[in-house]
$ cat model-v7.cif   # mmCIF, C-alpha atoms
data_work
#
loop_
_atom_site.label_atom_id
_atom_site.label_comp_id
_atom_site.auth_asym_id
_atom_site.auth_seq_id
_atom_site.Cartn_x
_atom_site.Cartn_y
_atom_site.Cartn_z
CA MET A 1 50.54 196.18 6.42
CA ASN A 2 52.10 192.84 5.53
CA GLN A 3 52.64 192.06 1.89
CA SER A 4 54.37 189.33 -0.04
CA ALA A 5 54.08 189.24 -3.80
CA GLY A 6 56.28 189.14 -6.87
CA GLY A 7 59.59 188.71 -5.04
CA VAL A 8 58.86 191.43 -2.47
CA LEU A 9 58.34 190.96 1.25
CA ARG A 10 57.12 194.02 3.17
CA ARG A 11 56.08 194.84 6.73
CA SER A 12 55.26 198.15 8.36
CA LEU A 13 56.96 198.51 11.73
CA ASN A 14 54.93 201.57 12.68
CA ASP A 15 52.65 199.70 15.08
CA PHE A 16 55.58 198.97 17.44
CA LEU A 17 58.48 201.21 16.39
CA HIS A 18 58.82 205.00 16.46
CA ILE A 19 61.53 206.36 14.16
CA GLU A 20 63.09 209.67 15.13
CA LEU A 21 66.13 210.79 13.17
CA ASP A 22 68.97 212.84 14.64
CA GLU A 23 69.55 215.37 11.86
CA ALA A 24 72.80 216.62 13.43
CA ALA A 25 74.20 213.08 13.51
CA LEU A 26 73.10 212.50 9.92
CA ASN A 27 74.86 215.70 8.85
CA ARG A 28 78.11 214.46 10.42
CA LEU A 29 78.20 211.42 8.14
CA GLN A 30 80.37 211.46 5.01
CA TRP A 31 77.86 211.86 2.21
CA ARG A 32 78.69 211.25 -1.45
CA ASP A 33 76.62 213.71 -3.48
CA PHE A 34 75.67 212.36 -6.92
CA GLY A 35 74.64 215.84 -8.11
CA ASN A 36 71.02 214.93 -8.87
CA GLY A 37 69.46 215.25 -5.42
CA LEU A 38 70.72 211.82 -4.33
CA SER A 39 73.41 211.34 -1.67
CA MET A 40 74.79 208.16 -0.12
CA ALA A 41 76.64 207.54 3.16
CA ARG A 42 78.42 204.19 3.44
CA LEU A 43 77.98 202.82 6.97
CA ALA A 44 79.75 199.47 6.55
CA ARG A 45 81.22 197.33 3.78
CA GLU A 46 82.76 193.89 3.61
CA ASP A 47 83.43 192.43 0.16
CA ALA A 48 80.19 192.83 -1.82
CA ARG A 49 78.04 193.36 1.29
CA GLU A 50 77.16 196.97 2.04
CA LEU A 51 75.10 198.91 4.52
CA VAL A 52 74.30 202.43 3.30
CA LEU A 53 72.02 205.37 3.94
CA TYR A 54 70.46 207.18 1.01
CA ARG A 55 69.27 210.76 1.36
CA ILE A 56 67.04 211.96 -1.47
CA ALA A 57 66.05 215.62 -1.72
CA ALA A 58 62.41 216.54 -2.32
CA ASP A 59 63.44 218.11 -5.64
CA ALA A 60 65.66 215.21 -6.73
CA SER A 61 65.68 214.25 -10.37
CA PRO A 62 63.03 211.58 -11.07
CA ASP A 63 65.81 209.42 -12.55
CA ALA A 64 68.20 209.91 -9.60
CA PHE A 65 68.32 206.12 -9.20
CA VAL A 66 69.16 204.06 -12.26
CA LYS A 67 67.70 200.66 -13.03
CA HIS A 68 69.69 198.03 -11.14
CA GLU A 69 69.74 194.39 -10.04
CA HIS A 70 70.36 193.13 -6.52
CA THR A 71 72.41 190.00 -7.05
CA GLY A 72 71.80 188.80 -3.47
CA GLY A 73 68.58 190.67 -2.78
CA GLU A 74 68.08 193.92 -0.91
CA PHE A 75 66.71 194.86 2.51
CA TYR A 76 65.69 198.43 3.18
CA LEU A 77 63.98 200.42 5.90
CA VAL A 78 62.35 203.73 5.01
CA LEU A 79 63.34 206.15 7.78
CA LYS A 80 61.71 209.25 6.29
CA GLY A 81 59.53 209.95 3.28
CA LYS A 82 58.47 207.37 0.72
CA ILE A 83 60.08 205.12 -1.92
CA ALA A 84 58.17 203.96 -4.99
CA ASP A 85 59.20 201.45 -7.65
CA GLU A 86 57.69 198.88 -9.99
CA THR A 87 56.59 196.77 -6.99
CA GLY A 88 54.73 199.44 -5.03
CA GLU A 89 55.11 202.35 -2.61
CA TYR A 90 56.87 202.07 0.73
CA GLU A 91 56.64 204.72 3.43
CA LYS A 92 58.34 205.65 6.69
CA GLY A 93 58.52 202.59 8.93
CA ASP A 94 58.24 200.04 6.11
CA ILE A 95 60.90 197.33 5.94
CA VAL A 96 61.20 195.71 2.54
CA PHE A 97 63.05 192.68 1.16
CA LEU A 98 63.56 192.22 -2.58
CA ASP A 99 64.55 188.74 -3.75
CA ALA A 100 67.96 187.90 -5.17
CA ARG A 101 68.30 188.98 -8.80
CA SER A 102 65.41 191.46 -8.39
CA VAL A 103 65.53 194.47 -10.71
CA HIS A 104 63.94 197.83 -10.00
CA THR A 105 64.19 201.58 -10.54
CA PRO A 106 63.23 203.28 -7.27
CA ARG A 107 62.28 206.92 -6.90
CA ALA A 108 61.65 209.03 -3.84
CA VAL A 109 58.40 210.81 -3.11
CA GLY A 110 59.36 213.96 -1.21
CA GLU A 111 62.41 214.23 1.01
CA THR A 112 63.41 210.65 1.84
CA ILE A 113 66.01 208.77 3.89
CA VAL A 114 66.44 205.02 3.47
CA LEU A 115 68.69 202.50 5.26
CA VAL A 116 69.76 199.83 2.76
CA LEU A 117 71.54 196.47 3.08
CA TRP A 118 72.89 194.71 0.00
CA PRO A 119 73.94 191.16 0.96
CA ALA A 120 75.79 190.64 -2.32
CA GLY A 121 76.05 193.98 -4.09
CA VAL A 122 74.35 195.74 -6.96
CA ARG A 123 74.67 195.56 -10.75
CA LEU A 124 73.51 198.30 -13.13
CA VAL A 125 71.04 197.16 -15.79
CA ASP A 126 70.44 198.69 -19.24
#
$ encode --input "model-v7.cif" --output "structure tokens"
Amino acid sequence: MNQSAGGVLRRSLNDFLHIELDEAALNRLQWRDFGNGLSMARLAREDARELVLYRIAADASPDAFVKHEHTGGEFYLVLKGKIADETGEYEKGDIVFLDARSVHTPRAVGETIVLVLWPAGVRLVD
């Protein structure tokens, strides 16, 4: 499904890409556990740009993610599970771009793994 609305660009890659995760390799990453069912592994960082993996447990707190702004936008690819926010629901194989200065409060639906790129960082919002 292709979708572009309200500062969100989305495309499912499932019609030409098969995602198979290597759980052993994922477990070897250095995960930062936030204590609420959310963990993050930093894959690369240069200045404000970051490439991270998020792992969200099926029983994660509904408010595991806090409301935040992407100063330079955000790209993410759902590798497992589903992410939902104010703009919609995105499932395994969906690649999503949120415009610069976009604000959202994502939540996982079930056990979820997401690859995220922040071109210019993140700012928490009240």
$ resolve_selection --input "model-v7.cif" --expression "the PyMOL selection byres ((chain A and resi 124-126) around 10)" --output "list in words"
Val66, Lys67, His68, Glu69, His70, Val103, His104, Thr105, Val122 and Arg123 of chain A
$ residues_around --input "model-v7.cif" --residues "region 81-97 of chain A" --least-positions-apart "6" --cutoff "12 Å" --atoms "all atoms listed in the file" --output "MDAnalysis selection string"
chainID A and resid 1:21 54:58 62:63 65:68 70 72:75 103:119
$ resolve_selection --input "model-v7.cif" --expression "the PyMOL selection byres ((chain A and resi 33) around 12)" --output "ChimeraX atom specification"
/A:29-32,34-42,54-57,60,64
$ axis_aligned_box --input "model-v7.cif" --around "region 102-114 of chain A" --padding-each-side "4 Å" --output "JSON"
{"center_x": 62.4, "center_y": 202.8, "center_z": -3.4, "size_x": 16.0, "size_y": 30.8, "size_z": 22.6}
$ atom_distance --input "model-v7.cif" --atom1 "CA of Asp47 (chain A)" --atom2 "CA of Ala100 (chain A)"
17.0 Å
$ atom_distance --input "model-v7.cif" --atom1 "CA of Glu23 (chain A)" --atom2 "CA of Gly121 (chain A)"
27.5 Å
$ closest_residue --input "model-v7.cif" --among "A:Asn27, A:Asp22, A:Ser102, A:Leu77" --to "Leu51 (chain A)" --atoms "only C-alpha atoms"
A:Leu77
$ closest_residue --input "model-v7.cif" --among "A:Ser61, A:Arg101, A:Leu53, A:Ala44" --to "Val78 (chain A)" --atoms "only C-alpha atoms"
A:Leu53
$ closest_residue --input "model-v7.cif" --among "A:Asp59, A:Arg45, A:Asp99, A:Val52" --to "Thr71 (chain A)" --atoms "all atoms listed in the file"
A:Asp99
